[in-house]
file structure-v4.csv (CSV, N, CA, C and O atoms)
chain,number,residue,atom,x,y,z
A,1,MET,N,-1.9,95.1,-159.3
A,1,MET,CA,-3.1,94.5,-159.8
A,1,MET,C,-2.8,93.2,-160.5
A,1,MET,O,-2.0,93.1,-161.4
A,2,LYS,N,-3.4,92.1,-160.0
A,2,LYS,CA,-3.1,90.8,-160.6
A,2,LYS,C,-3.9,90.6,-161.9
A,2,LYS,O,-5.1,90.9,-161.9
A,3,SER,N,-3.2,90.2,-162.9
A,3,SER,CA,-3.9,90.0,-164.2
A,3,SER,C,-4.5,88.6,-164.2
A,3,SER,O,-4.0,87.7,-163.8
A,4,LEU,N,-5.7,88.6,-164.7
A,4,LEU,CA,-6.5,87.3,-164.8
A,4,LEU,C,-6.3,86.6,-166.2
A,4,LEU,O,-6.8,85.6,-166.4
A,5,THR,N,-5.6,87.3,-167.1
A,5,THR,CA,-5.3,86.8,-168.4
A,5,THR,C,-4.2,85.8,-168.4
A,5,THR,O,-3.3,85.9,-167.5
A,6,ARG,N,-4.2,84.9,-169.3
A,6,ARG,CA,-3.1,83.9,-169.4
A,6,ARG,C,-1.8,84.6,-169.9
A,6,ARG,O,-1.9,85.3,-170.9
A,7,ILE,N,-0.7,84.3,-169.3
A,7,ILE,CA,0.6,84.9,-169.8
A,7,ILE,C,0.9,84.3,-171.2
A,7,ILE,O,0.8,83.1,-171.4
A,8,LYS,N,1.4,85.2,-172.1
A,8,LYS,CA,1.7,84.7,-173.4
A,8,LYS,C,3.0,85.4,-173.9
A,8,LYS,O,3.5,86.3,-173.3
A,9,ARG,N,3.6,84.8,-174.9
A,9,ARG,CA,4.8,85.4,-175.5
A,9,ARG,C,4.7,86.8,-175.8
A,9,ARG,O,3.7,87.3,-176.4
A,10,GLY,N,5.7,87.6,-175.4
A,10,GLY,CA,5.7,89.0,-175.7
A,10,GLY,C,5.2,89.9,-174.5
A,10,GLY,O,5.3,91.1,-174.5
A,11,ASP,N,4.5,89.3,-173.5
A,11,ASP,CA,4.0,90.1,-172.4
A,11,ASP,C,5.1,90.6,-171.5
A,11,ASP,O,6.2,90.0,-171.3
A,12,LEU,N,4.9,91.8,-171.0
A,12,LEU,CA,5.8,92.4,-170.0
A,12,LEU,C,5.3,92.0,-168.7
A,12,LEU,O,4.1,92.2,-168.4
A,13,VAL,N,6.2,91.4,-167.9
A,13,VAL,CA,5.7,90.8,-166.6
A,13,VAL,C,6.6,91.3,-165.4
A,13,VAL,O,7.7,91.8,-165.6
A,14,SER,N,6.0,91.2,-164.3
A,14,SER,CA,6.8,91.4,-163.0
A,14,SER,C,6.4,90.3,-162.0
A,14,SER,O,5.5,89.5,-162.3
A,15,VAL,N,7.1,90.3,-160.9
A,15,VAL,CA,6.8,89.3,-159.9
A,15,VAL,C,5.5,89.8,-159.2
A,15,VAL,O,5.4,91.0,-158.9
A,16,SER,N,4.6,88.9,-158.9
A,16,SER,CA,3.4,89.2,-158.2
A,16,SER,C,3.7,89.8,-156.8
A,16,SER,O,4.7,89.5,-156.2
A,17,ASP,N,2.8,90.7,-156.3
A,17,ASP,CA,2.9,91.3,-155.0
A,17,ASP,C,4.3,92.1,-154.8
A,17,ASP,O,4.9,92.0,-153.8
A,18,ASP,N,4.7,92.8,-155.9
A,18,ASP,CA,5.9,93.5,-155.8
A,18,ASP,C,5.6,95.0,-156.3
A,18,ASP,O,6.0,95.4,-157.4
A,19,PRO,N,4.9,95.7,-155.5
A,19,PRO,CA,4.4,97.0,-155.9
A,19,PRO,C,5.5,98.1,-156.3
A,19,PRO,O,5.2,99.0,-157.1
A,20,ARG,N,6.7,97.9,-155.8
A,20,ARG,CA,7.8,98.9,-156.1
A,20,ARG,C,8.7,98.3,-157.1
A,20,ARG,O,9.8,98.9,-157.4
A,21,TYR,N,8.4,97.2,-157.7
A,21,TYR,CA,9.2,96.5,-158.7
A,21,TYR,C,10.7,96.3,-158.2
A,21,TYR,O,11.6,96.4,-159.0
A,22,PHE,N,10.8,95.9,-157.0
A,22,PHE,CA,12.0,95.5,-156.4
A,22,PHE,C,12.7,94.4,-157.1
A,22,PHE,O,13.9,94.4,-157.3
A,23,PHE,N,11.9,93.4,-157.6
A,23,PHE,CA,12.5,92.3,-158.3
A,23,PHE,C,12.6,92.5,-159.8
A,23,PHE,O,13.0,91.7,-160.6
A,24,GLY,N,12.2,93.7,-160.3
A,24,GLY,CA,12.4,94.1,-161.7
A,24,GLY,C,11.2,93.6,-162.6
A,24,GLY,O,10.1,93.3,-162.1
A,25,TYR,N,11.5,93.6,-163.8
A,25,TYR,CA,10.4,93.2,-164.8
A,25,TYR,C,11.1,92.6,-166.0
A,25,TYR,O,12.4,92.7,-166.2
A,26,GLY,N,10.4,91.8,-166.7
A,26,GLY,CA,11.0,91.1,-167.9
A,26,GLY,C,9.9,90.9,-169.0
A,26,GLY,O,8.8,91.2,-168.8
A,27,ILE,N,10.4,90.3,-170.0
A,27,ILE,CA,9.5,90.0,-171.2
A,27,ILE,C,9.5,88.5,-171.3
A,27,ILE,O,10.5,87.8,-171.2
A,28,VAL,N,8.3,88.0,-171.6
A,28,VAL,CA,8.1,86.5,-171.8
A,28,VAL,C,8.6,86.1,-173.2
A,28,VAL,O,8.1,86.7,-174.2
A,29,LEU,N,9.5,85.2,-173.2
A,29,LEU,CA,10.1,84.7,-174.5
A,29,LEU,C,9.4,83.4,-175.0
A,29,LEU,O,9.3,83.2,-176.2
A,30,ASP,N,9.0,82.6,-174.0
A,30,ASP,CA,8.3,81.3,-174.4
A,30,ASP,C,7.5,80.9,-173.2
A,30,ASP,O,7.7,81.3,-172.1
A,31,VAL,N,6.5,80.1,-173.5
A,31,VAL,CA,5.6,79.5,-172.4
A,31,VAL,C,5.5,78.0,-172.7
A,31,VAL,O,5.3,77.6,-173.8
A,32,LYS,N,5.7,77.2,-171.6
A,32,LYS,CA,5.6,75.7,-171.8
A,32,LYS,C,4.1,75.4,-172.2
A,32,LYS,O,3.2,76.2,-171.8
A,33,PRO,N,3.9,74.3,-172.9
A,33,PRO,CA,2.5,74.0,-173.3
A,33,PRO,C,1.5,73.9,-172.2
A,33,PRO,O,0.3,74.2,-172.5
A,34,ASP,N,1.9,73.5,-171.0
A,34,ASP,CA,0.9,73.4,-169.9
A,34,ASP,C,0.6,74.8,-169.3
A,34,ASP,O,-0.3,74.9,-168.5
A,35,GLY,N,1.4,75.8,-169.7
A,35,GLY,CA,1.1,77.2,-169.2
A,35,GLY,C,1.6,77.5,-167.8
A,35,GLY,O,1.4,78.5,-167.3
A,36,GLN,N,2.3,76.5,-167.2
A,36,GLN,CA,2.7,76.7,-165.8
A,36,GLN,C,4.1,77.3,-165.7
A,36,GLN,O,4.5,77.8,-164.6
A,37,ARG,N,4.9,77.3,-166.7
A,37,ARG,CA,6.2,77.9,-166.7
A,37,ARG,C,6.5,78.8,-167.9
A,37,ARG,O,6.0,78.4,-169.0
A,38,ALA,N,7.2,79.9,-167.7
A,38,ALA,CA,7.5,80.8,-168.8
A,38,ALA,C,9.0,81.1,-168.8
A,38,ALA,O,9.5,81.3,-167.7
A,39,LYS,N,9.6,81.2,-170.0
A,39,LYS,CA,11.0,81.7,-170.0
A,39,LYS,C,10.9,83.2,-170.1
A,39,LYS,O,10.3,83.8,-171.0
A,40,ILE,N,11.7,83.8,-169.2
A,40,ILE,CA,11.6,85.3,-169.0
A,40,ILE,C,13.0,85.8,-169.2
A,40,ILE,O,14.0,85.3,-168.7
A,41,HIS,N,13.1,86.9,-170.0
A,41,HIS,CA,14.3,87.7,-170.0
A,41,HIS,C,14.1,88.9,-169.0
A,41,HIS,O,13.3,89.8,-169.3
A,42,TRP,N,14.8,88.8,-167.9
A,42,TRP,CA,14.7,89.9,-166.9
A,42,TRP,C,15.6,91.0,-167.3
A,42,TRP,O,16.8,90.8,-167.5
A,43,PHE,N,15.1,92.2,-167.3
A,43,PHE,CA,15.9,93.4,-167.7
A,43,PHE,C,16.8,93.9,-166.7
A,43,PHE,O,17.7,94.7,-167.0
A,44,ASP,N,16.7,93.4,-165.5
A,44,ASP,CA,17.6,93.9,-164.4
A,44,ASP,C,18.9,93.0,-164.3
A,44,ASP,O,19.7,93.2,-163.4
A,45,HIS,N,19.1,92.0,-165.2
A,45,HIS,CA,20.3,91.1,-165.1
A,45,HIS,C,21.3,91.7,-166.1
A,45,HIS,O,21.6,91.1,-167.1
A,46,PHE,N,21.9,92.9,-165.7
A,46,PHE,CA,22.8,93.5,-166.5
A,46,PHE,C,24.1,92.8,-166.7
A,46,PHE,O,24.8,92.9,-167.7
A,47,ASP,N,24.6,92.1,-165.6
A,47,ASP,CA,25.8,91.4,-165.7
A,47,ASP,C,25.7,90.1,-166.5
A,47,ASP,O,26.8,89.5,-166.8
A,48,HIS,N,24.5,89.6,-166.7
A,48,HIS,CA,24.3,88.4,-167.5
A,48,HIS,C,23.3,88.7,-168.6
A,48,HIS,O,22.1,88.2,-168.5
A,49,PRO,N,23.6,89.5,-169.6
A,49,PRO,CA,22.6,89.9,-170.6
A,49,PRO,C,21.9,88.8,-171.4
A,49,PRO,O,20.8,89.0,-171.8
A,50,LYS,N,22.5,87.7,-171.5
A,50,LYS,CA,21.9,86.6,-172.3
A,50,LYS,C,21.2,85.6,-171.4
A,50,LYS,O,20.8,84.5,-171.9
A,51,GLU,N,21.2,85.8,-170.1
A,51,GLU,CA,20.6,84.8,-169.2
A,51,GLU,C,19.1,84.8,-169.3
A,51,GLU,O,18.5,85.9,-169.3
A,52,ARG,N,18.5,83.6,-169.5
A,52,ARG,CA,17.1,83.5,-169.6
A,52,ARG,C,16.7,82.5,-168.5
A,52,ARG,O,17.4,81.5,-168.3
A,53,GLN,N,15.6,82.7,-167.8
A,53,GLN,CA,15.2,81.8,-166.7
A,53,GLN,C,13.7,81.4,-166.9
A,53,GLN,O,12.9,82.1,-167.4
A,54,TRP,N,13.5,80.1,-166.6
A,54,TRP,CA,12.1,79.5,-166.6
A,54,TRP,C,11.5,79.9,-165.2
A,54,TRP,O,12.1,79.6,-164.2
A,55,GLU,N,10.4,80.5,-165.2
A,55,GLU,CA,9.7,80.9,-163.9
A,55,GLU,C,8.3,80.3,-163.9
A,55,GLU,O,7.7,80.1,-164.9
A,56,ASN,N,7.8,80.1,-162.7
A,56,ASN,CA,6.4,79.6,-162.5
A,56,ASN,C,5.5,80.8,-162.8
A,56,ASN,O,5.7,81.9,-162.3
A,57,THR,N,4.5,80.5,-163.7
A,57,THR,CA,3.6,81.6,-164.1
A,57,THR,C,2.7,82.1,-163.0
A,57,THR,O,2.3,83.3,-163.0
A,58,TYR,N,2.5,81.3,-162.0
A,58,TYR,CA,1.6,81.7,-160.8
A,58,TYR,C,2.3,82.8,-160.0
A,58,TYR,O,1.6,83.5,-159.3
A,59,ALA,N,3.6,82.9,-160.2
A,59,ALA,CA,4.4,84.0,-159.4
A,59,ALA,C,4.5,85.3,-160.2
A,59,ALA,O,5.2,86.2,-159.8
A,60,LEU,N,3.9,85.3,-161.4
A,60,LEU,CA,4.1,86.5,-162.3
A,60,LEU,C,2.8,87.1,-162.5
A,60,LEU,O,1.7,86.5,-162.4
A,61,GLU,N,2.8,88.4,-162.9
A,61,GLU,CA,1.6,89.1,-163.3
A,61,GLU,C,2.0,90.0,-164.5
A,61,GLU,O,3.1,90.5,-164.6
A,62,VAL,N,1.1,90.1,-165.4
A,62,VAL,CA,1.2,90.9,-166.6
A,62,VAL,C,1.1,92.4,-166.2
A,62,VAL,O,0.2,92.8,-165.5
A,63,MET,N,2.1,93.2,-166.7
A,63,MET,CA,2.0,94.6,-166.4
A,63,MET,C,1.1,95.2,-167.5
A,63,MET,O,1.4,95.0,-168.7
A,64,ILE,N,0.1,96.0,-167.1
A,64,ILE,CA,-0.8,96.5,-168.1
A,64,ILE,C,-0.6,98.0,-168.1
A,64,ILE,O,-0.4,98.7,-167.2

call {"tool": "encode", "arguments": {"input": "structure-v4.csv", "output": "structure tokens"}}
result
Amino acid sequence: MKSLTRIKRGDLVSVSDDPRYFFGYGIVLDVKPDGQRAKIHWFDHFDHPKERQWENTYALEVMI
């Protein structure tokens, strides 16, 4: 289910259209002021535990 709410810090997110969570899930650490990119800590990056990535928010959905 696609969330219509704006992504914010602390949200648990997954990649849109990924019903089996093949791409994993992560937590939003920061959001750019324009709301188009968010820094995500992906929980499935076990070999790089401190790696954080900026992702396009249109490709994410909030897990409810």

call {"tool": "residues_around", "arguments": {"input": "structure-v4.csv", "residues": "range 12-28 of chain A", "least_positions_apart": "3", "cutoff": "4.5 Å", "atoms": "all atoms listed in the file", "output": "compact mmCIF listing (two decimals) with N, CA, C and O atoms, in the coordinates of the input"}}
result
# COMPACT_ATOMS: atom_id res chain seq x y z
N ARG A 9 3.60 84.80 -174.90
CA ARG A 9 4.80 85.40 -175.50
C ARG A 9 4.70 86.80 -175.80
O ARG A 9 3.70 87.30 -176.40
N LYS A 39 9.60 81.20 -170.00
CA LYS A 39 11.00 81.70 -170.00
C LYS A 39 10.90 83.20 -170.10
O LYS A 39 10.30 83.80 -171.00
N ILE A 40 11.70 83.80 -169.20
CA ILE A 40 11.60 85.30 -169.00
C ILE A 40 13.00 85.80 -169.20
O ILE A 40 14.00 85.30 -168.70
N HIS A 41 13.10 86.90 -170.00
CA HIS A 41 14.30 87.70 -170.00
C HIS A 41 14.10 88.90 -169.00
O HIS A 41 13.30 89.80 -169.30
N TRP A 42 14.80 88.80 -167.90
CA TRP A 42 14.70 89.90 -166.90
C TRP A 42 15.60 91.00 -167.30
O TRP A 42 16.80 90.80 -167.50
N PHE A 43 15.10 92.20 -167.30
CA PHE A 43 15.90 93.40 -167.70
C PHE A 43 16.80 93.90 -166.70
O PHE A 43 17.70 94.70 -167.00
N ASP A 44 16.70 93.40 -165.50
CA ASP A 44 17.60 93.90 -164.40
C ASP A 44 18.90 93.00 -164.30
O ASP A 44 19.70 93.20 -163.40
N ALA A 59 3.60 82.90 -160.20
CA ALA A 59 4.40 84.00 -159.40
C ALA A 59 4.50 85.30 -160.20
O ALA A 59 5.20 86.20 -159.80
N LEU A 60 3.90 85.30 -161.40
CA LEU A 60 4.10 86.50 -162.30
C LEU A 60 2.80 87.10 -162.50
O LEU A 60 1.70 86.50 -162.40
N GLU A 61 2.80 88.40 -162.90
CA GLU A 61 1.60 89.10 -163.30
C GLU A 61 2.00 90.00 -164.50
O GLU A 61 3.10 90.50 -164.60
N VAL A 62 1.10 90.10 -165.40
CA VAL A 62 1.20 90.90 -166.60
C VAL A 62 1.10 92.40 -166.20
O VAL A 62 0.20 92.80 -165.50
N MET A 63 2.10 93.20 -166.70
CA MET A 63 2.00 94.60 -166.40
C MET A 63 1.10 95.20 -167.50
O MET A 63 1.40 95.00 -168.70

call {"tool": "atom_distance", "arguments": {"input": "structure-v4.csv", "atom1": "atom C of Asn56 in chain A", "atom2": "atom N of Lys32 in chain A"}}
result
9.5 Å

call {"tool": "atom_distance", "arguments": {"input": "structure-v4.csv", "atom1": "atom O of Ile64 in chain A", "atom2": "atom N of Gly35 in chain A"}}
result
23.1 Å

call {"tool": "select_by_dssp", "arguments": {"input": "structure-v4.csv", "residues": "chain A", "states": "strand (DSSP E or B)", "output": "MDAnalysis selection string"}}
result
chainID A and resid 12:15 25:31 37:42 53:56 60:62

call {"tool": "atom_distance", "arguments": {"input": "structure-v4.csv", "atom1": "CA of Gly10 in chain A", "atom2": "CA of Thr57 in chain A"}}
result
13.9 Å
